[in-house]
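For reference, work36.pdb (PDB, C-alpha atoms):
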ATOM      1  CA  MET A  23       0.000   0.000   0.000
ATOM      2  CA  SER A  24       1.198   3.517  -0.597
ATOM      3  CA  GLY A  25       0.249   6.979   0.598
ATOM      4  CA  TYR A  26       0.238  10.267  -1.329
ATOM      5  CA  ASN A  27       0.403  13.887  -0.242
ATOM      6  CA  GLY A  28       1.351  16.470  -2.842
ATOM      7  CA  THR A  29       1.753  20.039  -3.985
ATOM      8  CA  LEU A  30       2.109  21.726  -7.378
ATOM      9  CA  LEU A  31       3.942  25.018  -7.133
ATOM     10  CA  GLY A  32       4.587  27.882  -9.505
ATOM     11  CA  THR A  33       7.709  29.949 -10.029
ATOM     12  CA  VAL A  34      10.593  29.383  -7.642
ATOM     13  CA  VAL A  35      13.228  32.037  -7.109
ATOM     14  CA  GLY A  36      16.522  32.191  -5.284
ATOM     15  CA  SER A  37      17.646  28.611  -5.746
ATOM     16  CA  GLY A  38      21.430  28.317  -5.746
ATOM     17  CA  ALA A  39      23.798  25.573  -6.905
ATOM     18  CA  SER A  40      23.146  22.233  -5.289
ATOM     19  CA  SER A  41      25.083  19.057  -4.554
ATOM     20  CA  SER A  42      23.969  15.459  -4.336
ATOM     21  CA  THR A  43      25.964  15.045  -1.131
ATOM     22  CA  GLN A  44      24.614  18.075   0.675
ATOM     23  CA  LEU A  45      21.166  18.828   2.002
ATOM     24  CA  GLU A  46      19.837  22.067   0.608
ATOM     25  CA  GLU A  47      18.467  24.686   2.947
ATOM     26  CA  PRO A  48      15.007  25.933   1.879
ATOM     27  CA  GLN A  49      15.654  29.189  -0.001
ATOM     28  CA  HIS A  50      12.692  29.298  -2.382
ATOM     29  CA  THR A  51      10.008  31.945  -2.669
ATOM     30  CA  ILE A  52       6.716  30.675  -4.035
ATOM     31  CA  ILE A  53       5.280  33.167  -6.519
ATOM     32  CA  LYS A  54       2.111  31.212  -7.289
ATOM     33  CA  GLU A  55       0.681  27.963  -5.991
ATOM     34  CA  TYR A  56      -1.500  26.139  -8.520
ATOM     35  CA  PHE A  57      -2.470  23.111  -6.489
ATOM     36  CA  ARG A  58      -2.100  21.821  -2.940
ATOM     37  CA  GLU A  59      -3.602  18.784  -1.298
ATOM     38  CA  GLU A  60      -3.124  17.927   2.369
ATOM     39  CA  PHE A  61      -6.015  15.436   2.832
ATOM     40  CA  ASP A  62      -6.729  17.044   6.186
ATOM     41  CA  ASP A  63     -10.535  17.388   5.980
ATOM     42  CA  GLU A  64     -11.727  13.817   6.533
ATOM     43  CA  ASP A  65     -13.921  12.863   3.551
ATOM     44  CA  GLY A  66     -13.741  16.280   1.908
ATOM     45  CA  TRP A  67     -11.162  15.014  -0.567
ATOM     46  CA  GLU A  68     -13.846  13.002  -2.373
ATOM     47  CA  LYS A  69     -15.440  16.253  -3.554
ATOM     48  CA  ARG A  70     -12.166  17.314  -5.180
ATOM     49  CA  TRP A  71     -10.959  13.978  -6.532
ATOM     50  CA  VAL A  72     -12.699  11.880  -9.189
ATOM     51  CA  HIS A  73     -12.338   8.107  -9.501
ATOM     52  CA  SER A  74     -11.996   6.871 -13.058
ATOM     53  CA  LYS A  75     -14.742   4.557 -14.331
ATOM     54  CA  HIS A  76     -12.733   3.347 -17.318
ATOM     55  CA  ARG A  77     -12.408  -0.055 -15.648
ATOM     56  CA  THR A  78     -14.675  -1.751 -13.166
ATOM     57  CA  ASP A  79     -11.832  -3.386 -11.288
ATOM     58  CA  TYR A  80      -9.898  -0.275 -10.264
ATOM     59  CA  GLY A  81      -8.735  -0.352  -6.648
ATOM     60  CA  LYS A  82     -10.224   1.942  -4.014
ATOM     61  CA  PHE A  83      -8.481   4.662  -2.016
ATOM     62  CA  ARG A  84      -8.904   5.738   1.577
ATOM     63  CA  ILE A  85      -7.407   8.390   3.847
ATOM     64  CA  SER A  86      -4.870   7.049   6.338
ATOM     65  CA  ALA A  87      -1.584   7.849   8.061
ATOM     66  CA  GLY A  88      -0.436   4.255   7.592
ATOM     67  CA  ARG A  89       0.841   1.662  10.052
ATOM     68  CA  PHE A  90       3.140   4.135  11.779
ATOM     69  CA  TYR A  91       3.499   7.910  11.650
ATOM     70  CA  GLY A  92       4.914  10.978  13.361
ATOM     71  CA  ASP A  93       1.590  12.802  13.625
ATOM     72  CA  ARG A  94      -1.630  10.887  13.035
ATOM     73  CA  GLU A  95      -3.469  13.880  11.528
ATOM     74  CA  LYS A  96      -0.696  15.717   9.681
ATOM     75  CA  ASP A  97       0.688  12.536   8.116
ATOM     76  CA  LYS A  98      -2.575  11.469   6.492
ATOM     77  CA  GLY A  99      -2.544  10.783   2.780
ATOM     78  CA  LEU A 100      -4.342   8.951   0.008
ATOM     79  CA  GLN A 101      -3.770   5.240   0.588
ATOM     80  CA  THR A 102      -4.379   2.252  -1.683
ATOM     81  CA  THR A 103      -6.393  -0.531  -0.073
ATOM     82  CA  GLU A 104      -5.956  -3.627  -2.258
ATOM     83  CA  ASP A 105      -2.988  -5.529  -3.614
ATOM     84  CA  THR A 106      -2.451  -6.249  -7.328
ATOM     85  CA  LYS A 107      -4.893  -3.572  -8.445
ATOM     86  CA  TYR A 108      -4.752  -0.654 -10.862
ATOM     87  CA  TYR A 109      -5.646   2.753  -9.447
ATOM     88  CA  SER A 110      -6.765   5.927 -11.187
ATOM     89  CA  VAL A 111      -7.935   9.094  -9.460
ATOM     90  CA  SER A 112      -7.509  12.741 -10.410
ATOM     91  CA  ALA A 113      -8.162  16.278  -9.164
ATOM     92  CA  ARG A 114      -8.609  19.463 -11.193
ATOM     93  CA  PHE A 115      -6.892  22.808 -10.713
ATOM     94  CA  ARG A 116      -7.031  25.999 -12.717
ATOM     95  CA  PRO A 117      -5.077  25.888 -16.013
ATOM     96  CA  PHE A 118      -1.699  27.576 -16.112
ATOM     97  CA  ASN A 119       1.195  28.235 -18.467
ATOM     98  CA  ASN A 120       4.679  27.921 -17.007
ATOM     99  CA  GLU A 121       6.429  29.633 -19.932
ATOM    100  CA  GLY A 122       9.241  31.760 -18.512
ATOM    101  CA  GLN A 123       8.641  30.328 -15.026
ATOM    102  CA  THR A 124      10.177  27.602 -12.907
ATOM    103  CA  LEU A 125       7.770  24.726 -12.377
ATOM    104  CA  VAL A 126       7.943  22.641  -9.191
ATOM    105  CA  ILE A 127       6.067  19.371  -8.681
ATOM    106  CA  GLN A 128       6.421  17.891  -5.212
ATOM    107  CA  TYR A 129       4.739  15.137  -3.238
ATOM    108  CA  THR A 130       5.436  12.484  -0.606
ATOM    109  CA  VAL A 131       5.229   8.706  -0.945
ATOM    110  CA  LYS A 132       5.267   6.021   1.736
ATOM    111  CA  TYR A 133       5.175   2.303   0.952
ATOM    112  CA  ASP A 134       3.309   0.861   3.916
ATOM    113  CA  GLN A 135       4.384  -2.645   2.964
ATOM    114  CA  HIS A 136       6.911  -4.324   0.673
ATOM    115  CA  VAL A 137       6.190  -3.619  -2.993
ATOM    116  CA  ASP A 138       6.970  -6.242  -5.632
ATOM    117  CA  CYS A 139       5.615  -4.273  -8.553
ATOM    118  CA  GLY A 140       3.845  -0.931  -8.515
ATOM    119  CA  GLY A 141       4.149   2.709  -9.487
ATOM    120  CA  ALA A 142       3.411   5.625  -7.170
ATOM    121  CA  TYR A 143       3.893   8.283  -9.843
ATOM    122  CA  ILE A 144       1.643  11.217 -10.710
ATOM    123  CA  LYS A 145       0.726  12.755 -14.080
ATOM    124  CA  LEU A 146      -0.140  16.260 -15.239
ATOM    125  CA  PHE A 147      -2.934  16.208 -17.825
ATOM    126  CA  PRO A 148      -4.341  18.769 -20.266
ATOM    127  CA  GLU A 149      -7.255  20.823 -18.993
ATOM    128  CA  ASP A 150      -9.728  19.037 -21.271
ATOM    129  CA  VAL A 151      -9.069  15.592 -19.777
ATOM    130  CA  ASN A 152     -12.132  13.471 -19.037
ATOM    131  CA  GLN A 153     -11.584  12.381 -15.441
ATOM    132  CA  GLU A 154     -14.240   9.666 -15.489
ATOM    133  CA  THR A 155     -12.594   7.840 -18.391
ATOM    134  CA  LEU A 156      -9.011   8.433 -17.246
ATOM    135  CA  ASN A 157      -6.743   5.473 -18.074
ATOM    136  CA  GLU A 158      -3.141   4.527 -18.884
ATOM    137  CA  ASP A 159      -3.545   5.726 -22.492
ATOM    138  CA  THR A 160      -4.883   9.172 -21.617
ATOM    139  CA  ARG A 161      -2.648  11.925 -23.003
ATOM    140  CA  TYR A 162      -0.535  13.700 -20.387
ATOM    141  CA  TYR A 163       2.208  16.333 -20.224
ATOM    142  CA  ILE A 164       4.443  15.110 -17.387
ATOM    143  CA  MET A 165       4.777  11.812 -15.533
ATOM    144  CA  PHE A 166       6.909  11.826 -12.397
ATOM    145  CA  GLY A 167       7.548   9.562  -9.437
ATOM    146  CA  PRO A 168       8.840   6.202  -8.176
ATOM    147  CA  ASP A 169       8.203   3.027 -10.164
ATOM    148  CA  ILE A 170       9.093  -0.443  -8.876
ATOM    149  CA  CYS A 171       8.852  -3.770 -10.695
ATOM    150  CA  GLY A 172      10.920  -6.698  -9.423
ATOM    151  CA  GLU A 173      14.521  -6.431  -8.308
ATOM    152  CA  ASP A 174      15.819  -4.775 -11.483
ATOM    153  CA  LYS A 175      13.439  -1.816 -11.832
ATOM    154  CA  LYS A 176      13.457   0.590  -8.899
ATOM    155  CA  ILE A 177      13.592   3.976 -10.548
ATOM    156  CA  VAL A 178      12.161   7.479 -10.560
ATOM    157  CA  GLN A 179      10.224   8.024 -13.769
ATOM    158  CA  VAL A 180      10.498  11.436 -15.448
ATOM    159  CA  ILE A 181       8.617  11.483 -18.747
ATOM    160  CA  PHE A 182       7.768  14.553 -20.828
ATOM    161  CA  ASN A 183       5.319  14.948 -23.679
ATOM    162  CA  TYR A 184       7.061  16.770 -26.536
ATOM    163  CA  LYS A 185       5.172  17.246 -29.809
ATOM    164  CA  ASP A 186       2.799  14.414 -28.825
ATOM    165  CA  ASP A 187       5.608  11.928 -28.263
ATOM    166  CA  TYR A 188       6.698  10.697 -24.832
ATOM    167  CA  TYR A 189      10.345  10.904 -23.838
ATOM    168  CA  MET A 190      11.826   9.112 -20.845
ATOM    169  CA  ILE A 191      14.888  10.442 -19.057
ATOM    170  CA  ASN A 192      18.039   8.642 -20.188
ATOM    171  CA  LYS A 193      19.430   8.611 -16.638
ATOM    172  CA  ASP A 194      18.891   5.859 -14.080
ATOM    173  CA  ILE A 195      17.527   7.532 -10.922
ATOM    174  CA  LYS A 196      17.096   5.095  -8.053
ATOM    175  CA  CYS A 197      13.954   5.484  -5.953
ATOM    176  CA  GLU A 198      13.510   4.712  -2.268
ATOM    177  CA  THR A 199      12.065   1.304  -1.428
ATOM    178  CA  ASP A 200      11.772   1.269   2.368
ATOM    179  CA  ASP A 201       8.593   1.915   4.392
ATOM    180  CA  PHE A 202       9.405   5.491   5.386
ATOM    181  CA  THR A 203       7.910   8.669   3.941
ATOM    182  CA  HIS A 204      10.010  10.227   1.155
ATOM    183  CA  LEU A 205       9.657  13.581  -0.573
ATOM    184  CA  TYR A 206       9.971  13.586  -4.384
ATOM    185  CA  THR A 207      10.548  16.894  -6.175
ATOM    186  CA  LEU A 208      10.830  17.790  -9.860
ATOM    187  CA  ILE A 209      12.059  21.267 -10.819
ATOM    188  CA  VAL A 210      11.973  22.463 -14.438
ATOM    189  CA  ARG A 211      13.470  25.877 -15.197
ATOM    190  CA  PRO A 212      13.026  28.255 -18.161
ATOM    191  CA  ASP A 213      16.704  27.829 -19.122
ATOM    192  CA  LEU A 214      15.923  24.136 -19.869
ATOM    193  CA  THR A 215      17.702  22.845 -16.771
ATOM    194  CA  TYR A 216      16.068  20.531 -14.268
ATOM    195  CA  GLU A 217      16.552  18.858 -10.902
ATOM    196  CA  VAL A 218      15.114  15.701  -9.384
ATOM    197  CA  LYS A 219      15.306  15.637  -5.605
ATOM    198  CA  ILE A 220      14.585  12.923  -3.086
ATOM    199  CA  ASP A 221      14.174  14.147   0.481
ATOM    200  CA  ASN A 222      15.597  17.496  -0.684
ATOM    201  CA  TYR A 223      18.831  15.889  -1.876
ATOM    202  CA  VAL A 224      19.623  16.246  -5.565
ATOM    203  CA  ALA A 225      19.356  12.783  -7.142
ATOM    204  CA  GLU A 226      19.895  13.999 -10.715
ATOM    205  CA  ALA A 227      20.257  17.341 -12.473
ATOM    206  CA  GLY A 228      21.281  18.699 -15.836
ATOM    207  CA  HIS A 229      19.969  19.999 -19.155
ATOM    208  CA  LEU A 230      16.760  18.758 -20.750
ATOM    209  CA  GLU A 231      18.314  18.403 -24.202
ATOM    210  CA  GLU A 232      21.112  16.240 -22.786
ATOM    211  CA  HIS A 233      19.075  13.910 -20.570
ATOM    212  CA  TRP A 234      16.073  13.480 -22.903
ATOM    213  CA  ASP A 235      16.282  12.609 -26.595
ATOM    214  CA  PHE A 236      13.944  15.388 -27.726
ATOM    215  CA  LEU A 237      16.125  16.338 -30.692
ATOM    216  CA  PRO A 238      17.331  14.058 -33.487
ATOM    217  CA  PRO A 239      20.985  12.947 -33.222
ATOM    218  CA  LYS A 240      23.576  15.226 -34.801
ATOM    219  CA  LYS A 241      25.100  12.252 -36.611
ATOM    220  CA  ILE A 242      23.259   9.273 -38.046
ATOM    221  CA  ILE A 243      24.389   6.123 -39.826
ATOM    222  CA  ASP A 244      23.608   6.097 -43.529
ATOM    223  CA  PRO A 245      21.910   2.715 -44.155
ATOM    224  CA  ASP A 246      22.784   2.969 -47.863
ATOM    225  CA  ALA A 247      26.481   3.638 -47.308
ATOM    226  CA  GLN A 248      28.778   1.009 -48.836
ATOM    227  CA  LYS A 249      32.498   0.414 -48.665
ATOM    228  CA  PRO A 250      34.106   1.467 -51.974
ATOM    229  CA  ASP A 251      35.714  -1.200 -54.167
ATOM    230  CA  TYR A 252      39.121   0.441 -53.912
ATOM    231  CA  TRP A 253      39.131   0.294 -50.080
ATOM    232  CA  ASP A 254      42.508  -0.987 -48.821
ATOM    233  CA  GLU A 255      42.078  -3.402 -45.892
ATOM    234  CA  ARG A 256      45.734  -3.294 -44.827
ATOM    235  CA  GLU A 257      46.278  -1.778 -41.364
ATOM    236  CA  ILE A 258      49.802  -0.571 -42.234
ATOM    237  CA  ILE A 259      50.800   0.640 -45.692
ATOM    238  CA  GLU A 260      54.454   1.107 -46.535
ATOM    239  CA  ASP A 261      55.468   4.398 -48.116
ATOM    240  CA  PRO A 262      57.141   3.552 -51.462
ATOM    241  CA  MET A 263      58.900   6.938 -51.397
ATOM    242  CA  ASP A 264      60.339   6.444 -47.919
ATOM    243  CA  LYS A 265      64.133   5.925 -47.602
ATOM    244  CA  LYS A 266      66.729   5.918 -44.866
ATOM    245  CA  PRO A 267      68.447   9.313 -44.503
ATOM    246  CA  ASP A 268      72.190   9.558 -45.025
ATOM    247  CA  CYS A 269      72.664  11.301 -41.675
ATOM    248  CA  MET A 270      70.738  12.974 -38.909
ATOM    249  CA  HIS A 271      71.670  16.332 -37.447
ATOM    250  CA  ILE A 272      70.917  17.747 -34.002
ATOM    251  CA  SER A 273      72.095  21.238 -33.103
ATOM    252  CA  SER A 274      71.729  23.717 -30.260
ATOM    253  CA  LEU A 275      70.399  21.187 -27.784
ATOM    254  CA  GLY A 276      71.151  21.898 -24.145
ATOM    255  CA  PHE A 277      70.315  19.254 -21.534
ATOM    256  CA  ARG A 278      70.641  19.423 -17.771
ATOM    257  CA  TYR A 279      70.845  15.671 -17.238
ATOM    258  CA  GLY A 280      72.700  13.025 -19.150
ATOM    259  CA  TYR A 281      69.879  10.481 -19.394
ATOM    260  CA  PHE A 282      67.758  12.906 -21.384
ATOM    261  CA  PHE A 283      70.718  13.558 -23.654
ATOM    262  CA  ARG A 284      71.410   9.872 -24.083
ATOM    263  CA  SER A 285      67.821   9.102 -25.142
ATOM    264  CA  PHE A 286      68.095  11.620 -27.957
ATOM    265  CA  LEU A 287      71.555  10.470 -28.956
ATOM    266  CA  SER A 288      70.311   6.969 -29.580
ATOM    267  CA  TYR A 289      68.977   8.209 -32.910
ATOM    268  CA  LEU A 290      72.397   9.355 -34.158
ATOM    269  CA  SER A 291      74.322   7.226 -36.592
ATOM    270  CA  ASP A 292      77.789   7.335 -35.009
ATOM    271  CA  GLU A 293      77.506   4.953 -32.031
ATOM    272  CA  HIS A 294      81.079   5.691 -30.917
ATOM    273  CA  VAL A 295      80.348   9.377 -30.554
ATOM    274  CA  ILE A 296      77.053   8.594 -28.835
ATOM    275  CA  SER A 297      78.692   6.484 -26.145
ATOM    276  CA  LYS A 298      81.450   9.005 -25.545
ATOM    277  CA  VAL A 299      79.235  12.079 -25.270
ATOM    278  CA  ALA A 300      76.599  10.302 -23.177
ATOM    279  CA  ALA A 301      79.239   9.018 -20.784
ATOM    280  CA  GLU A 302      80.683  12.489 -20.391
ATOM    281  CA  ALA A 303      77.255  13.915 -19.691
ATOM    282  CA  LEU A 304      76.514  11.328 -17.030
ATOM    283  CA  MET A 305      79.866  11.796 -15.310
ATOM    284  CA  ASP A 306      79.624  15.575 -15.187
ATOM    285  CA  LYS A 307      76.032  16.610 -14.537
ATOM    286  CA  ASN A 308      77.100  19.999 -13.212
ATOM    287  CA  ASN A 309      78.692  20.840 -16.535
ATOM    288  CA  PRO A 310      76.574  19.089 -19.203
ATOM    289  CA  PRO A 311      77.375  19.466 -22.877
ATOM    290  CA  HIS A 312      75.536  22.276 -24.676
ATOM    291  CA  GLY A 313      74.835  20.287 -27.771
ATOM    292  CA  LEU A 314      76.203  18.145 -30.495
ATOM    293  CA  MET A 315      77.076  19.498 -33.932
TER
END

Just give me the structure of the file as structure tokens.
Amino acid sequence: MSGYNGTLLGTVVGSGASSSTQLEEPQHTIIKEYFREEFDDEDGWEKRWVHSKHRTDYGKFRISAGRFYGDREKDKGLQTTEDTKYYSVSARFRPFNNEGQTLVIQYTVKYDQHVDCGGAYIKLFPEDVNQETLNEDTRYYIMFGPDICGEDKKIVQVIFNYKDDYYMINKDIKCETDDFTHLYTLIVRPDLTYEVKIDNYVAEAGHLEEHWDFLPPKKIIDPDAQKPDYWDEREIIEDPMDKKPDCMHISSLGFRYGYFFRSFLSYLSDEHVISKVAAEALMDKNNPPHGLM
């Protein structure tokens, strides 16, 4: 079973750089709050929330603080009541446009028992959504929250609708799986940067164009490309014009230590001179030779 308690906020100002290893101090100023739900009025939530009738076997919700809590009243949330069931419930708020504003979506999740497979994510829908026929195929703008299925899938989903296609984040954000309450936050800024926080710690952050494949790749493989007939498969090709030089010449080389000098001298052709000069350089490091002409 899981509990939900959430808020949808408007523009956020004054947020500084953050670190995944450091808890951020609250520094935000809320300009406008579009939606808030505390589930603190007993059965009043049923007037604001609509159960979908798309399926007859949807699970039912109730208001509860769960098996354990810090405050029985303040910790109440929307709780699922049946295992292995689909759930679909929604609440309306006034339409808004976040163009030029920072959008914050934030809510808490508590798994009241071990979850084998289940998602506790939320979705933001268009204003014309039919709440009574809401289902998994209903068009949405944003999907965000923890999603668990088996031992391999324990992630935070962040999916955006862009030009009527859905794009999943290409980062693997691990979600919490214990039975404590955890705060999930998604921040999307006008400069196309974002943050995903868990319990106010940054779990992932970056640029939308880098962490979602909204744009086509800059380079693509040409399926019609073929290797030309004249392609040479040899890894090394000898230069037919290459020839051994008659001599090599080094001038105006000054070295402080003989072993540097000796490594260069190994390319000279006169081995007798090499040995003699290198030996002199090694024996007299305080007065190395200034070069070889």

**OP:** I need the residue set behind the PyMOL selection byres ((chain A and resi 87-103) around 10) for this file; please write it as a VMD selection string.
**Re:** chain A and resid 23 to 28 59 to 64 67 81 to 86 104 to 105 107 to 109 130 to 135 201 to 203

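Taking atom CA of Gly172 of chain A as the reference point, atom CA of Lys219 of chain A is found at 23.1 Å.
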
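What the PyMOL selection byres ((chain A and resi 181) around 6) picks from this file is Ile164, Met165, Val180, Phe182, Tyr189 and Met190 of chain A.
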
Would you write out those residues with C-alpha atoms, as a compact mmCIF listing (two decimals), in the coordinates of the input?
# COMPACT_ATOMS: atom_id res chain seq x y z
CA ILE A 164 4.44 15.11 -17.39
CA MET A 165 4.78 11.81 -15.53
CA VAL A 180 10.50 11.44 -15.45
CA PHE A 182 7.77 14.55 -20.83
CA TYR A 189 10.34 10.90 -23.84
CA MET A 190 11.83 9.11 -20.84

**OP:** To verify the selection step, state as a count of residues only which residues the PyMOL selection byres ((chain A and resi 232) around 10) yields on this input.
**Re:** 14

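Of the residues under consideration (A:Asp187, A:Asp194, A:Lys75, A:Tyr223), A:Lys75 shows the shortest atom-to-atom contact distance to Glu154 of chain A when counting only C-alpha atoms.
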
Quick one: 5 Å padding each side, axis-aligned, all listed atoms of segment 223-233 of chain A - centre and edge lengths in Å to one decimal, as AutoDock Vina command-line options?
--center_x 19.0 --center_y 16.4 --center_z -13.0 --size_x 14.5 --size_y 17.2 --size_z 32.3

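Of the listed residues A:Gly141, A:Lys176, A:Glu121, A:Gln128, the one whose atoms come nearest to Arg58 of chain A is A:Gln128, with distances taken using all atoms listed in the file.
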
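As for atom CA of Gln179 of chain A and atom CA of Glu226 of chain A, they are spaced 11.8 Å apart.
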
**OP:** Quick one: everything within 9 Å of segment 68-73 of chain A, counting all atoms listed in the file, minus sequence neighbours fewer than 5 positions away in the same chain. Send it as an MDAnalysis selection string.
**Re:** chainID A and resid 80 82 109:114 153:156

Could you write out the selected residues, including C-alpha atoms, as a JSON list (two decimals), in the frame of the given file?
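Written output follows (out-v2.json):
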[["chain", "number", "residue", "atom", "x", "y", "z"],
["A", 80, "TYR", "CA", -9.90, -0.28, -10.26],
["A", 82, "LYS", "CA", -10.22, 1.94, -4.01],
["A", 109, "TYR", "CA", -5.65, 2.75, -9.45],
["A", 110, "SER", "CA", -6.76, 5.93, -11.19],
["A", 111, "VAL", "CA", -7.94, 9.09, -9.46],
["A", 112, "SER", "CA", -7.51, 12.74, -10.41],
["A", 113, "ALA", "CA", -8.16, 16.28, -9.16],
["A", 114, "ARG", "CA", -8.61, 19.46, -11.19],
["A", 153, "GLN", "CA", -11.58, 12.38, -15.44],
["A", 154, "GLU", "CA", -14.24, 9.67, -15.49],
["A", 155, "THR", "CA", -12.59, 7.84, -18.39],
["A", 156, "LEU", "CA", -9.01, 8.43, -17.25]]

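When all atoms listed in the file are used to compute distances to Tyr129 of chain A, the closest of the residues A:Asn183, A:Leu208, A:Pro117, A:Asn152 turns out to be A:Leu208.
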
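Restricting the calculation to only C-alpha atoms, the smallest distance between Tyr143 of chain A and any of A:Asn119, A:Thr207, A:Thr160, A:Gln248 is found for A:Thr207.
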
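Take atom CA of Gln123 of chain A and atom CA of Ile144 of chain A: the distance between them is 20.8 Å.
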
**OP:** List the neighbours of Ile220 of chain A out to 9 Å using all atoms listed in the file; skip same-chain residues closer than 5 positions along the sequence, and give me the result as JSON, numbers by chain.
**Re:** {"A": [197, 198, 204, 205, 206, 207, 225]}

Original post:
Using only C-alpha atoms, which of A:Asp200, A:Glu149, A:Asp186, A:Asp138 sits nearest Cys171 of chain A?
Top reply: A:Asp138

**OP:** Select all residues near (0.1, 13.1, -17.2) (cut-off 6 Å, inclusive, file coordinates), counting all atoms listed in the file, and output them as a list in words.
**Re:** Lys145, Leu146, Phe147, Tyr162, Tyr163, Ile164 and Met165 of chain A

Supply segment 234-240 of chain A as a compact mmCIF listing (two decimals), in the frame of the given file, with all heavy atoms built in where the input has gaps.
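Heads up, here's the output in part_14.txt:
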# COMPACT_ATOMS: atom_id res chain seq x y z
N TRP A 234 17.22 14.00 -22.15
CA TRP A 234 16.07 13.48 -22.90
C TRP A 234 16.39 13.60 -24.39
O TRP A 234 17.01 14.57 -24.83
CB TRP A 234 14.80 14.27 -22.60
CG TRP A 234 14.16 13.92 -21.29
CD1 TRP A 234 13.16 13.03 -21.07
CD2 TRP A 234 14.49 14.48 -20.01
NE1 TRP A 234 12.83 12.99 -19.74
CE2 TRP A 234 13.64 13.87 -19.06
CE3 TRP A 234 15.41 15.43 -19.57
CZ2 TRP A 234 13.69 14.18 -17.72
CZ3 TRP A 234 15.47 15.73 -18.24
CH2 TRP A 234 14.62 15.12 -17.31
N ASP A 235 15.98 12.62 -25.16
CA ASP A 235 16.28 12.61 -26.60
C ASP A 235 15.19 13.33 -27.39
O ASP A 235 14.59 12.78 -28.31
CB ASP A 235 16.43 11.16 -27.08
CG ASP A 235 17.57 10.45 -26.38
OD1 ASP A 235 18.58 11.10 -26.08
OD2 ASP A 235 17.45 9.23 -26.13
N PHE A 236 14.95 14.61 -27.02
CA PHE A 236 13.94 15.39 -27.73
C PHE A 236 14.35 15.65 -29.18
O PHE A 236 13.52 15.62 -30.08
CB PHE A 236 13.73 16.74 -27.03
CG PHE A 236 13.19 16.65 -25.64
CD1 PHE A 236 13.87 17.22 -24.57
CD2 PHE A 236 12.00 15.99 -25.40
CE1 PHE A 236 13.36 17.14 -23.29
CE2 PHE A 236 11.49 15.90 -24.11
CZ PHE A 236 12.17 16.47 -23.05
N LEU A 237 15.63 15.93 -29.38
CA LEU A 237 16.12 16.34 -30.69
C LEU A 237 16.74 15.15 -31.42
O LEU A 237 17.29 14.24 -30.78
CB LEU A 237 17.16 17.46 -30.54
CG LEU A 237 16.67 18.71 -29.77
CD1 LEU A 237 17.79 19.72 -29.65
CD2 LEU A 237 15.46 19.32 -30.46
N PRO A 238 16.70 15.15 -32.73
CA PRO A 238 17.33 14.06 -33.49
C PRO A 238 18.84 14.09 -33.30
O PRO A 238 19.42 15.16 -33.03
CB PRO A 238 16.95 14.36 -34.94
CG PRO A 238 16.63 15.82 -34.97
CD PRO A 238 16.05 16.14 -33.62
N PRO A 239 19.53 12.97 -33.41
CA PRO A 239 20.98 12.95 -33.22
C PRO A 239 21.69 13.80 -34.28
O PRO A 239 21.23 13.90 -35.42
CB PRO A 239 21.34 11.46 -33.37
CG PRO A 239 20.20 10.86 -34.13
CD PRO A 239 18.99 11.64 -33.74
N LYS A 240 22.81 14.39 -33.89
CA LYS A 240 23.58 15.23 -34.80
C LYS A 240 24.22 14.40 -35.90
O LYS A 240 24.45 14.90 -37.00
CB LYS A 240 24.64 16.01 -34.03
CG LYS A 240 24.06 16.99 -33.03
CD LYS A 240 25.15 17.76 -32.29
CE LYS A 240 24.56 18.75 -31.31
NZ LYS A 240 25.62 19.49 -30.58
